[in-house]
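Text of run02.cif (mmCIF, C-alpha atoms) as supplied:
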data_coords
loop_
_atom_site.group_PDB
_atom_site.id
_atom_site.type_symbol
_atom_site.label_atom_id
_atom_site.label_comp_id
_atom_site.auth_asym_id
_atom_site.auth_seq_id
_atom_site.Cartn_x
_atom_site.Cartn_y
_atom_site.Cartn_z
ATOM 1 C CA MET H 566 118.042 64.035 60.852
ATOM 2 C CA GLY H 567 118.393 66.778 63.454
ATOM 3 C CA SER H 568 121.612 67.884 65.134
ATOM 4 C CA ARG H 569 122.693 66.541 68.516
ATOM 5 C CA LYS H 570 121.516 69.824 70.048
ATOM 6 C CA GLU H 571 118.068 69.508 68.476
ATOM 7 C CA GLU H 572 117.904 65.882 69.577
ATOM 8 C CA PHE H 573 118.844 66.918 73.120
ATOM 9 C CA GLU H 574 116.203 69.639 73.212
ATOM 10 C CA ALA H 575 113.581 67.263 71.842
ATOM 11 C CA THR H 576 114.417 64.785 74.607
ATOM 12 C CA CYS H 577 114.102 67.544 77.210
ATOM 13 C CA ASN H 578 110.693 68.495 75.812
ATOM 14 C CA MET H 579 109.594 64.886 76.174
ATOM 15 C CA PHE H 580 110.540 65.040 79.852
ATOM 16 C CA ILE H 581 108.601 68.266 80.309
ATOM 17 C CA ASN H 582 105.530 66.578 78.822
ATOM 18 C CA ALA H 583 106.063 63.479 80.975
ATOM 19 C CA VAL H 584 106.280 65.619 84.148
ATOM 20 C CA SER H 585 103.150 67.538 83.235
ATOM 21 C CA ASN H 586 101.236 64.345 82.499
ATOM 22 C CA TYR H 587 102.409 62.655 85.707
ATOM 23 C CA PHE H 588 101.105 65.304 88.059
ATOM 24 C CA LYS H 589 97.924 66.044 86.132
ATOM 25 C CA HIS H 590 96.950 62.412 85.663
ATOM 26 C CA LEU H 591 97.665 61.252 89.210
ATOM 27 C CA THR H 592 96.769 64.294 91.289
ATOM 28 C CA GLU H 593 94.475 66.387 89.057
ATOM 29 C CA ILE H 594 96.666 69.322 90.061
ATOM 30 C CA ASP H 595 98.674 70.893 87.260
ATOM 31 C CA SER H 596 102.411 71.315 87.637
ATOM 32 C CA ASP H 597 104.090 74.454 86.423
ATOM 33 C CA THR H 598 107.308 74.294 84.435
ATOM 34 C CA LYS H 599 109.651 77.252 84.859
ATOM 35 C CA VAL H 600 112.096 78.265 82.153
ATOM 36 C CA PRO H 601 114.502 75.330 81.635
ATOM 37 C CA TYR H 602 118.195 76.097 81.370
ATOM 38 C CA LEU H 603 121.505 74.528 80.463
ATOM 39 C CA LYS H 604 123.661 74.126 83.530
ATOM 40 C CA GLU H 605 127.271 75.274 83.212
ATOM 41 C CA SER H 606 128.848 74.089 86.462
ATOM 42 C CA LYS H 607 129.463 70.418 87.111
ATOM 43 C CA GLU H 608 128.123 69.931 90.603
ATOM 44 C CA LEU H 609 124.733 68.293 91.055
ATOM 45 C CA ILE H 610 121.748 70.509 91.793
ATOM 46 C CA LEU H 611 119.795 68.713 94.486
ATOM 47 C CA LYS H 612 117.057 69.046 97.016
ATOM 48 C CA ASP H 613 116.548 66.665 99.952
ATOM 49 C CA PHE H 614 115.550 63.453 98.169
ATOM 50 C CA THR H 615 116.428 62.263 94.683
ATOM 51 C CA GLY H 616 115.473 59.450 92.340
ATOM 52 C CA MET H 617 117.891 58.897 89.464
ATOM 53 C CA ILE H 618 117.802 56.740 86.345
ATOM 54 C CA GLY H 619 120.830 55.842 84.239
ATOM 55 C CA ILE H 620 120.484 56.152 80.477
ATOM 56 C CA SER H 621 122.350 54.040 77.930
ATOM 57 C CA GLY H 622 121.969 53.196 74.259
ATOM 58 C CA GLY H 623 122.397 55.839 71.568
ATOM 59 C CA ARG H 624 122.940 58.485 74.227
ATOM 60 C CA LYS H 625 124.476 57.989 77.637
ATOM 61 C CA GLY H 626 123.674 59.929 80.762
ATOM 62 C CA PHE H 627 121.115 60.215 83.505
ATOM 63 C CA VAL H 628 117.870 61.831 84.518
ATOM 64 C CA TYR H 629 116.787 62.569 88.042
ATOM 65 C CA ILE H 630 114.008 64.235 89.971
ATOM 66 C CA SER H 631 114.927 65.956 93.211
ATOM 67 C CA ALA H 632 112.533 67.542 95.680
ATOM 68 C CA ASN H 633 112.071 68.158 99.359
ATOM 69 C CA ARG H 634 110.416 65.642 101.622
ATOM 70 C CA ASP H 635 107.096 67.479 101.707
ATOM 71 C CA MET H 636 106.396 67.021 98.016
ATOM 72 C CA PHE H 637 106.989 63.268 98.046
ATOM 73 C CA ALA H 638 105.057 62.970 101.320
ATOM 74 C CA GLU H 639 102.070 64.770 99.832
ATOM 75 C CA LEU H 640 102.058 62.477 96.801
ATOM 76 C CA ILE H 641 102.168 59.411 99.067
ATOM 77 C CA ASN H 642 99.276 60.823 101.078
ATOM 78 C CA ILE H 643 97.252 61.288 97.886
ATOM 79 C CA PHE H 644 98.025 57.784 96.615
ATOM 80 C CA ILE H 645 97.709 55.670 99.743
ATOM 81 C CA GLY H 646 96.493 57.978 102.492
ATOM 82 C CA ILE H 647 99.596 57.879 104.696
ATOM 83 C CA LYS H 648 100.198 61.278 106.284
ATOM 84 C CA ASP H 649 103.605 60.646 107.844
ATOM 85 C CA PRO H 650 105.510 58.305 105.517
ATOM 86 C CA SER H 651 108.820 56.721 106.453
ATOM 87 C CA GLU H 652 112.087 57.805 104.878
ATOM 88 C CA GLU H 653 112.047 54.520 102.987
ATOM 89 C CA ASP H 654 108.676 55.459 101.490
ATOM 90 C CA ILE H 655 109.966 58.906 100.509
ATOM 91 C CA LEU H 656 112.951 57.382 98.704
ATOM 92 C CA ASP H 657 110.685 54.805 97.090
ATOM 93 C CA MET H 658 108.421 57.578 95.819
ATOM 94 C CA ALA H 659 111.395 59.491 94.379
ATOM 95 C CA GLY H 660 112.595 56.369 92.588
ATOM 96 C CA GLU H 661 109.162 55.533 91.212
ATOM 97 C CA ILE H 662 108.630 59.006 89.759
ATOM 98 C CA SER H 663 112.045 58.957 88.078
ATOM 99 C CA ASN H 664 111.271 55.515 86.691
ATOM 100 C CA ILE H 665 107.927 56.624 85.269
ATOM 101 C CA LEU H 666 109.300 59.801 83.686
ATOM 102 C CA ALA H 667 112.178 57.933 82.037
ATOM 103 C CA GLY H 668 109.925 55.079 80.965
ATOM 104 C CA ASN H 669 107.454 57.465 79.362
ATOM 105 C CA VAL H 670 110.211 59.208 77.421
ATOM 106 C CA ARG H 671 111.660 55.876 76.322
ATOM 107 C CA ALA H 672 108.371 55.200 74.527
ATOM 108 C CA ASN H 673 109.396 57.773 71.940
ATOM 109 C CA LEU H 674 113.064 56.836 71.668
ATOM 110 C CA ARG H 675 113.030 53.032 71.998
ATOM 111 C CA ALA H 676 116.440 51.385 71.474
ATOM 112 C CA ASN H 677 118.294 54.701 71.590
ATOM 113 C CA PHE H 678 117.194 55.177 75.160
ATOM 114 C CA MET H 679 117.713 52.265 77.527
ATOM 115 C CA ILE H 680 116.983 52.935 81.184
ATOM 116 C CA SER H 681 118.254 51.423 84.426
ATOM 117 C CA ALA H 682 116.354 50.659 87.607
ATOM 118 C CA PRO H 683 116.228 53.764 89.821
ATOM 119 C CA THR H 684 118.918 54.789 92.284
ATOM 120 C CA VAL H 685 117.661 56.820 95.230
ATOM 121 C CA PHE H 686 119.468 58.931 97.786
ATOM 122 C CA GLU H 687 118.986 61.562 100.437
ATOM 123 C CA GLY H 688 121.059 64.732 100.441
ATOM 124 C CA MET H 689 124.265 65.134 98.481
ATOM 125 C CA PRO H 690 126.149 61.924 97.668
ATOM 126 C CA LYS H 691 129.913 62.213 98.201
ATOM 127 C CA GLY H 692 132.280 62.261 95.264
ATOM 128 C CA VAL H 693 129.667 62.532 92.546
ATOM 129 C CA GLU H 694 130.559 64.887 89.739
ATOM 130 C CA ILE H 695 129.108 65.358 86.291
ATOM 131 C CA PRO H 696 131.581 64.218 83.584
ATOM 132 C CA GLU H 697 132.936 66.888 81.224
ATOM 133 C CA ASP H 698 131.252 65.453 78.132
ATOM 134 C CA ILE H 699 127.761 65.521 79.663
ATOM 135 C CA SER H 700 125.410 68.419 78.928
ATOM 136 C CA VAL H 701 122.996 69.109 81.750
ATOM 137 C CA TYR H 702 119.552 70.575 81.289
ATOM 138 C CA VAL H 703 117.602 71.668 84.357
ATOM 139 C CA ILE H 704 113.805 71.827 84.379
ATOM 140 C CA PRO H 705 112.536 73.641 87.486
ATOM 141 C CA ILE H 706 108.990 72.627 88.307
ATOM 142 C CA SER H 707 106.464 73.550 90.913
ATOM 143 C CA TRP H 708 103.498 71.481 91.935
ATOM 144 C CA ASN H 709 101.021 72.378 94.627
ATOM 145 C CA LYS H 710 103.437 74.933 96.161
ATOM 146 C CA HIS H 711 106.363 72.471 96.154
ATOM 147 C CA GLU H 712 109.517 73.129 94.163
ATOM 148 C CA ALA H 713 111.434 70.365 92.401
ATOM 149 C CA PHE H 714 114.030 69.856 89.699
ATOM 150 C CA VAL H 715 114.082 67.410 86.848
ATOM 151 C CA VAL H 716 117.667 67.261 85.622
ATOM 152 C CA ILE H 717 118.716 65.578 82.402
ATOM 153 C CA GLY H 718 122.354 64.849 81.606
ATOM 154 C CA LEU H 719 123.217 63.444 78.187
ATOM 155 C CA ASP H 720 126.479 63.071 76.310
ATOM 156 C CA MET D 696 87.359 34.967 96.380
ATOM 157 C CA LYS D 697 90.161 35.266 93.804
ATOM 158 C CA LYS D 698 93.779 35.364 94.973
ATOM 159 C CA LEU D 699 95.804 38.418 93.944
ATOM 160 C CA LEU D 700 99.599 38.820 93.827
ATOM 161 C CA ILE D 701 101.052 42.325 93.388
ATOM 162 C CA VAL D 702 104.551 42.553 91.874
ATOM 163 C CA ASP D 703 106.330 45.908 91.671
ATOM 164 C CA ASP D 704 109.705 47.105 92.937
ATOM 165 C CA SER D 705 108.045 50.212 94.381
ATOM 166 C CA SER D 706 106.434 49.687 97.755
ATOM 167 C CA VAL D 707 104.302 52.811 97.293
ATOM 168 C CA MET D 708 103.083 51.492 93.938
ATOM 169 C CA ARG D 709 102.205 48.094 95.433
ATOM 170 C CA ARG D 710 100.152 49.789 98.136
ATOM 171 C CA THR D 711 98.534 52.108 95.593
ATOM 172 C CA ILE D 712 97.385 49.084 93.597
ATOM 173 C CA GLU D 713 96.186 47.377 96.790
ATOM 174 C CA THR D 714 94.220 50.471 97.842
ATOM 175 C CA ASN D 715 92.576 50.928 94.469
ATOM 176 C CA LEU D 716 91.590 47.287 94.044
ATOM 177 C CA ALA D 717 90.033 47.054 97.508
ATOM 178 C CA GLU D 718 86.515 47.160 96.047
ATOM 179 C CA TYR D 719 87.023 43.880 94.175
ATOM 180 C CA ASP D 720 86.466 40.453 95.609
ATOM 181 C CA LEU D 721 90.198 39.767 95.676
ATOM 182 C CA GLU D 722 92.319 38.375 98.498
ATOM 183 C CA ILE D 723 95.852 39.722 98.424
ATOM 184 C CA ILE D 724 97.965 36.636 99.000
ATOM 185 C CA GLY D 725 101.336 38.293 98.501
ATOM 186 C CA GLN D 726 103.426 41.186 97.312
ATOM 187 C CA ALA D 727 106.834 40.965 95.653
ATOM 188 C CA SER D 728 109.459 43.541 94.731
ATOM 189 C CA ASN D 729 111.182 41.449 92.062
ATOM 190 C CA GLY D 730 110.555 38.561 89.696
ATOM 191 C CA VAL D 731 112.412 35.950 91.749
ATOM 192 C CA THR D 732 110.278 36.504 94.847
ATOM 193 C CA ALA D 733 107.172 36.661 92.677
ATOM 194 C CA LEU D 734 107.870 33.207 91.236
ATOM 195 C CA GLU D 735 108.296 31.736 94.722
ATOM 196 C CA ILE D 736 104.862 33.065 95.655
ATOM 197 C CA VAL D 737 103.339 31.838 92.396
ATOM 198 C CA ARG D 738 104.681 28.302 92.989
ATOM 199 C CA ASP D 739 103.517 28.305 96.590
ATOM 200 C CA LYS D 740 100.120 29.987 96.346
ATOM 201 C CA MET D 741 99.030 29.841 92.676
ATOM 202 C CA PRO D 742 97.367 33.281 92.534
ATOM 203 C CA ASP D 743 94.433 33.748 90.155
ATOM 204 C CA VAL D 744 95.316 37.353 89.305
ATOM 205 C CA ILE D 745 98.758 39.002 89.162
ATOM 206 C CA THR D 746 99.762 42.628 88.591
ATOM 207 C CA LEU D 747 103.279 42.673 87.202
ATOM 208 C CA ASP D 748 105.783 45.489 86.797
ATOM 209 C CA ILE D 749 108.478 45.119 84.135
ATOM 210 C CA THR D 750 111.533 47.117 85.231
ATOM 211 C CA MET D 751 112.624 45.365 88.417
ATOM 212 C CA PRO D 752 115.910 44.190 89.928
ATOM 213 C CA GLU D 753 117.046 40.541 89.879
ATOM 214 C CA MET D 754 114.479 39.357 87.325
ATOM 215 C CA ASP D 755 112.500 41.699 85.094
ATOM 216 C CA GLY D 756 108.795 41.371 84.460
ATOM 217 C CA ILE D 757 108.988 39.851 80.992
ATOM 218 C CA ALA D 758 111.304 37.038 82.125
ATOM 219 C CA CYS D 759 109.070 36.559 85.170
ATOM 220 C CA LEU D 760 105.952 36.425 82.976
ATOM 221 C CA GLU D 761 107.448 33.656 80.862
ATOM 222 C CA GLU D 762 108.125 31.600 83.994
ATOM 223 C CA ILE D 763 104.688 32.298 85.442
ATOM 224 C CA MET D 764 103.075 30.982 82.275
ATOM 225 C CA LYS D 765 105.060 27.734 82.595
ATOM 226 C CA ILE D 766 104.087 27.285 86.251
ATOM 227 C CA HIS D 767 100.531 28.576 86.174
ATOM 228 C CA PRO D 768 99.206 29.304 82.664
ATOM 229 C CA GLU D 769 95.698 30.044 83.952
ATOM 230 C CA ALA D 770 96.902 33.086 85.928
ATOM 231 C CA LYS D 771 95.446 36.363 84.702
ATOM 232 C CA VAL D 772 98.420 38.705 84.490
ATOM 233 C CA MET D 773 98.000 42.463 84.145
ATOM 234 C CA VAL D 774 101.289 44.139 83.274
ATOM 235 C CA ILE D 775 101.601 47.635 84.776
ATOM 236 C CA THR D 776 104.736 49.323 83.512
ATOM 237 C CA ALA D 777 106.416 52.680 83.063
ATOM 238 C CA LEU D 778 107.850 51.456 79.736
ATOM 239 C CA SER D 779 105.027 53.074 77.859
ATOM 240 C CA ASP D 780 105.647 51.925 74.312
ATOM 241 C CA LYS D 781 103.197 49.682 72.516
ATOM 242 C CA LEU D 782 105.919 47.181 71.628
ATOM 243 C CA THR D 783 106.456 46.435 75.320
ATOM 244 C CA GLY D 784 102.714 45.892 75.716
ATOM 245 C CA LEU D 785 102.541 43.619 72.690
ATOM 246 C CA ILE D 786 105.491 41.557 73.920
ATOM 247 C CA ALA D 787 103.702 41.132 77.249
ATOM 248 C CA LEU D 788 100.515 39.977 75.501
ATOM 249 C CA ASP D 789 102.540 37.587 73.349
ATOM 250 C CA LYS D 790 104.096 36.078 76.476
ATOM 251 C CA GLY D 791 100.686 35.444 78.027
ATOM 252 C CA ALA D 792 99.577 38.627 79.802
ATOM 253 C CA ARG D 793 95.835 39.335 79.662
ATOM 254 C CA GLY D 794 96.333 43.090 79.579
ATOM 255 C CA PHE D 795 98.798 45.907 80.049
ATOM 256 C CA MET D 796 98.710 49.402 81.491
ATOM 257 C CA PHE D 797 101.199 52.207 81.221
ATOM 258 C CA LYS D 798 102.206 54.193 84.299
ATOM 259 C CA PRO D 799 101.238 56.656 85.567
ATOM 260 C CA VAL D 800 97.988 54.848 86.368
ATOM 261 C CA ASN D 801 95.307 56.405 88.533
ATOM 262 C CA SER D 802 92.390 54.800 90.325
ATOM 263 C CA VAL D 803 90.065 55.221 87.325
ATOM 264 C CA ASP D 804 92.552 53.477 85.024
ATOM 265 C CA LEU D 805 92.962 50.576 87.438
ATOM 266 C CA VAL D 806 89.259 50.051 88.016
ATOM 267 C CA ARG D 807 88.500 50.241 84.295
ATOM 268 C CA ALA D 808 91.235 47.713 83.479
ATOM 269 C CA PHE D 809 90.219 45.307 86.237
ATOM 270 C CA ASP D 810 86.552 45.544 85.297
ATOM 271 C CA LYS D 811 87.543 44.312 81.865
ATOM 272 C CA LEU D 812 90.042 41.745 83.092
ATOM 273 C CA LEU D 813 87.651 40.071 85.513
ATOM 274 C CA LYS D 814 84.530 40.409 83.367
ATOM 275 C CA ARG D 815 86.292 39.050 80.298
ATOM 276 C CA ASP D 816 86.732 35.732 82.055
ATOM 277 C CA GLY D 817 83.205 35.733 83.414
ATOM 278 C CA LYS D 818 84.455 35.694 86.995
#
Show this structure as structure tokens.
Amino acid sequence: MGSRKEEFEATCNMFINAVSNYFKHLTEIDSDTKVPYLKESKELILKDFTGMIGISGGRKGFVYISANRDMFAELINIFIGIKDPSEEDILDMAGEISNILAGNVRANLRANFMISAPTVFEGMPKGVEIPEDISVYVIPISWNKHEAFVVIGLD
Amino acid sequence: MKKLLIVDDSSVMRRTIETNLAEYDLEIIGQASNGVTALEIVRDKMPDVITLDITMPEMDGIACLEEIMKIHPEAKVMVITALSDKLTGLIALDKGARGFMFKPVNSVDLVRAFDKLLKRDGK
């Protein structure tokens, strides 16, 4: 059995694969993953809109995807042909992507990786801080000239 | 024309399914964002075909599927879920679903699955 660190890195790799598959399969445009890094500070790293999933089971934590409005709007345009989506649609899109990424990763981890329904928000929520015992791994991605972050926090 | 109910907590996903199934002879008789609302529509309108998400608030898709099968066992339910492990798919089939798909699903996946679903029943 691998160490907690190896387990954590393996989980992060699963998310990288899930991100790559998501964009390629749905848009036929490859995403590009920049060098992932462990985040030292405890504040959230966020863009304009975020979809977050809570993780429980063998490991506890969260995963979220955060991007600016334009990226989610472009995805919505590709999927349903709406060029100027509402804010509600943008948040919905953020939540759905986070749900799909977490659900895909859960396929490999089963009972050790239970996932919640998505929480979505715009901007920086007040009073949210990453607990001390959570390690945070940031995966910067770009897709079709848009920048986004997938952030994984696990105990 | 067959009656279709789309159940998914994502509004964008519901509209994506609607857009991609437009070529079929299906009348969309309702959309629901959770299992409780879905069951109300099933009782009221008895849809022939249902797309069903699993991870939803209030009542998840598996619990909803069990209730649908009690109310309307002839309904052809296609589970479309982000929980992409085979066990989830097999549980859905065991509970009465006619098929399952793992998100992300694109238009080709949907058309292929619905070709099979509707052809299988000769309708």
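Reported to one decimal place, the separation of atom CA of H:Ser681 from atom CA of H:Leu611 is 20.1 Å.
For the atom pair formed by atom CA of H:Leu640 and atom CA of H:Met658, the distance is 8.1 Å, given to one decimal.
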Hey, what's within 8 Å of stretch 574-588 of chain H if we count all atoms listed in the file and toss same-chain stuff fewer than 3 positions away? As an MDAnalysis selection string, please? (chainID H and resid 570:571 591:598 666:667 669:670 702 704 708 717) or (chainID D and resid 799)
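Considering all atoms listed in the file, the residue among H:Asn664, H:Asn677, H:Ser707, H:Thr684 positioned nearest to chain D is H:Asn664.
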Within 9 Å of file point (98.8, 59.9, 95.4), counting only C-alpha atoms, expressed as a PDB file with C-alpha atoms, in the frame of the given file:
ATOM      1  CA  LEU H 591      97.665  61.252  89.210  1.00  0.00           C
ATOM      2  CA  THR H 592      96.769  64.294  91.289  1.00  0.00           C
ATOM      3  CA  GLU H 639     102.070  64.770  99.832  1.00  0.00           C
ATOM      4  CA  LEU H 640     102.058  62.477  96.801  1.00  0.00           C
ATOM      5  CA  ILE H 641     102.168  59.411  99.067  1.00  0.00           C
ATOM      6  CA  ASN H 642      99.276  60.823 101.078  1.00  0.00           C
ATOM      7  CA  ILE H 643      97.252  61.288  97.886  1.00  0.00           C
ATOM      8  CA  PHE H 644      98.025  57.784  96.615  1.00  0.00           C
ATOM      9  CA  ILE H 645      97.709  55.670  99.743  1.00  0.00           C
ATOM     10  CA  GLY H 646      96.493  57.978 102.492  1.00  0.00           C
TER      11      GLY H 646
ATOM     12  CA  THR D 711      98.534  52.108  95.593  1.00  0.00           C
ATOM     13  CA  ASN D 801      95.307  56.405  88.533  1.00  0.00           C
TER      14      ASN D 801
END
Only residues of chain D matter here; which ones have an atom within 12 Å of chain H, counting all atoms listed in the file? Give them as a ChimeraX atom specification. /D:703-717,728-729,748-755,775-784,797-805
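Closest approach to H:Val693 among H:Ile630, H:Leu603, H:Ile706, H:Ile610: H:Ile610, based on all atoms listed in the file.
For the structure shown here, the set of residues caught by the PyMOL selection byres ((chain H and resi 720) around 6) is Lys625, Asp698, Ile699 and Leu719 of chain H.
For the pair atom CA of H:Phe637 and atom CA of D:Thr746, the interatomic distance is 23.8 Å.
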Residues selected by the PyMOL selection byres ((chain D and resi 772) around 7), written as a list in words: Val744, Ile745, Thr746, Leu747, Ala770, Lys771, Met773, Val774, Ala792, Arg793 and Gly794 of chain D
Might you spell out which residues the PyMOL selection byres ((chain D and resi 765) around 12) would select in the displayed file, as a VMD selection string? chain D and resid 734 737 to 738 741 758 to 764 766 to 770 790 to 791
Please provide as a list in words all residues within 8 Å of D:Ala727, with the sequence filter that same-chain residues fewer than 2 positions apart are discarded (counting all atoms listed in the file). Leu700, Ile701, Val702, Asp703, Asp704, Gly725, Asn729, Gly730, Thr732 and Ala733 of chain D
Selected residues written out, C-alpha atoms, as a PDB file, in the frame of the given file:
ATOM      1  CA  LEU D 700      99.599  38.820  93.827  1.00  0.00           C
ATOM      2  CA  ILE D 701     101.052  42.325  93.388  1.00  0.00           C
ATOM      3  CA  VAL D 702     104.551  42.553  91.874  1.00  0.00           C
ATOM      4  CA  ASP D 703     106.330  45.908  91.671  1.00  0.00           C
ATOM      5  CA  ASP D 704     109.705  47.105  92.937  1.00  0.00           C
ATOM      6  CA  GLY D 725     101.336  38.293  98.501  1.00  0.00           C
ATOM      7  CA  ASN D 729     111.182  41.449  92.062  1.00  0.00           C
ATOM      8  CA  GLY D 730     110.555  38.561  89.696  1.00  0.00           C
ATOM      9  CA  THR D 732     110.278  36.504  94.847  1.00  0.00           C
ATOM     10  CA  ALA D 733     107.172  36.661  92.677  1.00  0.00           C
TER      11      ALA D 733
END
Starting from 8 Å padding per side, set up an axis-aligned box that covers all listed atoms of stretch 764-773 of chain D and hand over centre and edge lengths in Å, one decimal, as lines of an AutoDock Vina configuration file.
center_x = 100.3
center_y = 34.9
center_z = 84.3
size_x = 25.6
size_y = 31.2
size_z = 20.0
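With distances restricted to only C-alpha atoms, H:Phe678 is the closest residue to H:Gly622 from H:His711, H:Pro705, H:Lys691, H:Phe678.
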Just need stretch 687-717 of chain H in a file, please: C-alpha atoms, as a PDB file, in the first residue's frame.
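That gives us part.pdb:
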ATOM      1  CA  GLU H 687     -19.479  33.764  -7.387  1.00  0.00           C
ATOM      2  CA  GLY H 688     -16.415  35.628  -6.167  1.00  0.00           C
ATOM      3  CA  MET H 689     -14.825  35.048  -2.789  1.00  0.00           C
ATOM      4  CA  PRO H 690     -17.108  33.659  -0.075  1.00  0.00           C
ATOM      5  CA  LYS H 691     -16.648  35.372   3.300  1.00  0.00           C
ATOM      6  CA  GLY H 692     -15.041  33.550   6.186  1.00  0.00           C
ATOM      7  CA  VAL H 693     -13.909  30.501   4.258  1.00  0.00           C
ATOM      8  CA  GLU H 694     -10.475  29.245   5.181  1.00  0.00           C
ATOM      9  CA  ILE H 695      -8.709  25.991   4.469  1.00  0.00           C
ATOM     10  CA  PRO H 696      -8.249  23.938   7.681  1.00  0.00           C
ATOM     11  CA  GLU H 697      -4.677  23.334   8.868  1.00  0.00           C
ATOM     12  CA  ASP H 698      -4.793  19.576   8.301  1.00  0.00           C
ATOM     13  CA  ILE H 699      -5.809  19.881   4.640  1.00  0.00           C
ATOM     14  CA  SER H 700      -3.178  19.660   1.902  1.00  0.00           C
ATOM     15  CA  VAL H 701      -4.083  21.655  -1.175  1.00  0.00           C
ATOM     16  CA  TYR H 702      -2.974  20.785  -4.672  1.00  0.00           C
ATOM     17  CA  VAL H 703      -3.574  23.292  -7.459  1.00  0.00           C
ATOM     18  CA  ILE H 704      -3.882  22.227 -11.094  1.00  0.00           C
ATOM     19  CA  PRO H 705      -3.778  25.253 -13.414  1.00  0.00           C
ATOM     20  CA  ILE H 706      -5.454  24.502 -16.717  1.00  0.00           C
ATOM     21  CA  SER H 707      -6.070  26.366 -19.905  1.00  0.00           C
ATOM     22  CA  TRP H 708      -8.705  25.554 -22.458  1.00  0.00           C
ATOM     23  CA  ASN H 709      -9.376  27.498 -25.613  1.00  0.00           C
ATOM     24  CA  LYS H 710      -7.493  30.558 -24.267  1.00  0.00           C
ATOM     25  CA  HIS H 711      -9.344  30.476 -20.921  1.00  0.00           C
ATOM     26  CA  GLU H 712      -7.517  29.952 -17.645  1.00  0.00           C
ATOM     27  CA  ALA H 713      -8.983  27.921 -14.791  1.00  0.00           C
ATOM     28  CA  PHE H 714      -7.949  26.155 -11.612  1.00  0.00           C
ATOM     29  CA  VAL H 715      -8.870  22.737 -10.353  1.00  0.00           C
ATOM     30  CA  VAL H 716      -8.048  22.695  -6.652  1.00  0.00           C
ATOM     31  CA  ILE H 717      -8.012  19.554  -4.546  1.00  0.00           C
TER      32      ILE H 717
END
